[in-house]
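Engineer: Here it is, the structure, as structure tokens.
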Amino acid sequence: MIAKGIYEGKSTPEGYTKKGTPIRVLVVDDELITRRLIIQVLKSVGFEIVGEGENGLHGVELYKMYKPDIVTLDVRMPKLDGIEALKRIKEINENAVVVMLTAENDSETVTELIKLGAMNYIVKPVMREVILDKMRAVKEQMGI
């Protein structure tokens, strides 16, 4: 059932499944301002933010704890970079849905991310419409 309140009487928010439940997202990025922007954008359309991590190691631990529907994961982070975090998350759940964030928009980086199991990617600096477009594409790929 769709949550009451700001969405009442409106069509299903973008951040909800076709069944009317919020899509649960884990946001992992070492840049606080980037995390806050992604969280604000996703919350504004109904996504449920289950956690936020500041490095890859923290992100993997949060993934284990919350088992989110989608993870946004920065490529370059301290302690454990996003590529290694992606590998570990995929070891935990081969069907994990991960959207990578990268400042590098070269074909080698993107190809590597997709080969490792990322469903999509967002090029930094992040912008509201790009975030929403990528999440729409992921929802469509997931069939939710």
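Each chain in the structure tokens gets a letter, A, B, ..., in the order shown, and its residues are numbered from 1; ligands are numbered from 1 in order too.
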Near Arg76 (chain A), counting only C-alpha atoms, which residues have an atom at most 12 Å away, once you skip same-chain residues fewer than 3 positions from it, shown as a list of chain:residue names?

Structural biologist: A:Val28, A:Asp29, A:Asp30, A:Glu31, A:Glu54, A:Asn55, A:Gly56, A:Leu73, A:Lys79, A:Leu80, A:Asp81, A:Gly82, A:Ile83, A:Glu84, A:Ala85, A:Leu86, A:Met100, A:Leu101, A:Thr102, A:Ala103, A:Glu104, A:Thr109, A:Lys124

Engineer: Give me, as an NGL selection string, all polymer residues having an atom no more than 8 Å from Val27 (chain A), counting only C-alpha atoms and skipping those fewer than 6 positions away in the same chain.

Structural biologist: :A and (35 or 38-39 or 49 or 51-53 or 59 or 71-73)

Engineer: List every residue of region 100-134 of chain A that DSSP, applied to the backbone of this structure, places in helix (DSSP H, G or I), and write the result as a list in words.

Structural biologist: Ser107, Glu108, Thr109, Val110, Thr111, Glu112, Leu113, Ile114, Lys115, Arg128, Glu129, Val130, Ile131, Leu132, Asp133 and Lys134 of chain A

Engineer: Using only C-alpha atoms for the distances, tell me which of A:Leu32, A:Val25, A:Leu62, A:Ile122 is nearest to Val50 (chain A).

Structural biologist: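 Of A:Leu32, A:Val25, A:Leu62, A:Ile122, the one nearest Val50 (chain A) is A:Val25, counting only C-alpha atoms.
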
Engineer: When you draw a straight line from CA of Leu57 (chain A) to CA of Glu112 (chain A), how long is it in Å?

Structural biologist: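 Straight-line distance from CA of Leu57 (chain A) to CA of Glu112 (chain A) works out to 20.0 Å.
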
Engineer: Can you work out the spacing between CA of Thr34 (chain A) and CA of Val75 (chain A) in Å, to one decimal?

Structural biologist: 12.8 Å

Engineer: Do you know which residues are at most 9 Å from region 131-141 of chain A counting only C-alpha atoms, after dropping those on the same chain fewer than 5 positions away, and could you put them as a PyMOL selection string?

Structural biologist: chain A and resi 14-15+17+38+41-42+45+70+97+99+119-122+126

Engineer: Distance CA of Pro22 (chain A)-CA of Leu116 (chain A), one decimal place?

Structural biologist: 26.7 Å

Engineer: Pull the strand (DSSP E) assignments for region 33-143 of chain A out of DSSP run on the backbone, and list those residues as a list in words.

Structural biologist: Glu48, Ile49, Val50, Gly51, Glu52, Gly53, Ile70, Val71, Thr72, Leu73, Asp74, Val98, Val99, Met100, Leu101, Thr102, Asn120, Tyr121, Ile122 and Val123 of chain A

Engineer: Can I get the selection written as a PDB file, in the first residue's frame, with N, CA and C atoms?

Structural biologist:
ATOM      1  N   GLU A  48      13.134   5.224  -0.348  1.00  0.00           N
ATOM      2  CA  GLU A  48      13.457   5.120   1.069  1.00  0.00           C
ATOM      3  C   GLU A  48      14.963   4.922   1.205  1.00  0.00           C
ATOM      4  N   ILE A  49      15.627   5.811   1.919  1.00  0.00           N
ATOM      5  CA  ILE A  49      17.068   5.691   2.141  1.00  0.00           C
ATOM      6  C   ILE A  49      17.271   4.876   3.407  1.00  0.00           C
ATOM      7  N   VAL A  50      17.877   3.688   3.264  1.00  0.00           N
ATOM      8  CA  VAL A  50      18.050   2.805   4.416  1.00  0.00           C
ATOM      9  C   VAL A  50      19.378   3.028   5.122  1.00  0.00           C
ATOM     10  N   GLY A  51      20.319   3.684   4.443  1.00  0.00           N
ATOM     11  CA  GLY A  51      21.604   3.956   5.067  1.00  0.00           C
ATOM     12  C   GLY A  51      22.494   4.747   4.138  1.00  0.00           C
ATOM     13  N   GLU A  52      23.576   5.269   4.723  1.00  0.00           N
ATOM     14  CA  GLU A  52      24.571   5.989   3.933  1.00  0.00           C
ATOM     15  C   GLU A  52      25.953   5.674   4.476  1.00  0.00           C
ATOM     16  N   GLY A  53      26.870   5.406   3.580  1.00  0.00           N
ATOM     17  CA  GLY A  53      28.232   5.063   3.965  1.00  0.00           C
ATOM     18  C   GLY A  53      29.228   6.029   3.371  1.00  0.00           C
ATOM     19  N   ILE A  70      18.552  -1.252  -4.006  1.00  0.00           N
ATOM     20  CA  ILE A  70      19.520  -0.606  -4.897  1.00  0.00           C
ATOM     21  C   ILE A  70      20.625   0.024  -4.042  1.00  0.00           C
ATOM     22  N   VAL A  71      21.859  -0.026  -4.554  1.00  0.00           N
ATOM     23  CA  VAL A  71      22.993   0.653  -3.916  1.00  0.00           C
ATOM     24  C   VAL A  71      23.551   1.659  -4.916  1.00  0.00           C
ATOM     25  N   THR A  72      23.786   2.891  -4.474  1.00  0.00           N
ATOM     26  CA  THR A  72      24.577   3.824  -5.280  1.00  0.00           C
ATOM     27  C   THR A  72      25.959   3.813  -4.647  1.00  0.00           C
ATOM     28  N   LEU A  73      26.986   3.644  -5.463  1.00  0.00           N
ATOM     29  CA  LEU A  73      28.332   3.386  -4.952  1.00  0.00           C
ATOM     30  C   LEU A  73      29.363   4.172  -5.750  1.00  0.00           C
ATOM     31  N   ASP A  74      30.095   5.033  -5.065  1.00  0.00           N
ATOM     32  CA  ASP A  74      31.153   5.816  -5.698  1.00  0.00           C
ATOM     33  C   ASP A  74      32.324   4.900  -6.047  1.00  0.00           C
ATOM     34  N   VAL A  98      23.382  -2.440  -8.320  1.00  0.00           N
ATOM     35  CA  VAL A  98      24.324  -1.391  -7.958  1.00  0.00           C
ATOM     36  C   VAL A  98      24.436  -0.385  -9.093  1.00  0.00           C
ATOM     37  N   VAL A  99      24.337   0.897  -8.729  1.00  0.00           N
ATOM     38  CA  VAL A  99      24.532   2.003  -9.654  1.00  0.00           C
ATOM     39  C   VAL A  99      25.809   2.706  -9.203  1.00  0.00           C
ATOM     40  N   MET A 100      26.817   2.714 -10.068  1.00  0.00           N
ATOM     41  CA  MET A 100      28.104   3.300  -9.715  1.00  0.00           C
ATOM     42  C   MET A 100      28.129   4.796 -10.030  1.00  0.00           C
ATOM     43  N   LEU A 101      28.913   5.537  -9.241  1.00  0.00           N
ATOM     44  CA  LEU A 101      29.144   6.955  -9.495  1.00  0.00           C
ATOM     45  C   LEU A 101      30.620   7.120  -9.807  1.00  0.00           C
ATOM     46  N   THR A 102      30.919   7.820 -10.894  1.00  0.00           N
ATOM     47  CA  THR A 102      32.310   7.993 -11.290  1.00  0.00           C
ATOM     48  C   THR A 102      32.531   9.353 -11.939  1.00  0.00           C
ATOM     49  N   ASN A 120      24.135   0.165 -13.753  1.00  0.00           N
ATOM     50  CA  ASN A 120      24.172   1.446 -14.431  1.00  0.00           C
ATOM     51  C   ASN A 120      25.245   2.296 -13.768  1.00  0.00           C
ATOM     52  N   TYR A 121      25.456   3.504 -14.287  1.00  0.00           N
ATOM     53  CA  TYR A 121      26.441   4.406 -13.702  1.00  0.00           C
ATOM     54  C   TYR A 121      25.985   5.847 -13.887  1.00  0.00           C
ATOM     55  N   ILE A 122      26.477   6.701 -12.994  1.00  0.00           N
ATOM     56  CA  ILE A 122      26.191   8.137 -13.037  1.00  0.00           C
ATOM     57  C   ILE A 122      27.541   8.844 -13.053  1.00  0.00           C
ATOM     58  N   VAL A 123      27.697   9.782 -13.988  1.00  0.00           N
ATOM     59  CA  VAL A 123      28.939  10.535 -14.080  1.00  0.00           C
ATOM     60  C   VAL A 123      28.846  11.768 -13.184  1.00  0.00           C
TER      61      VAL A 123
END
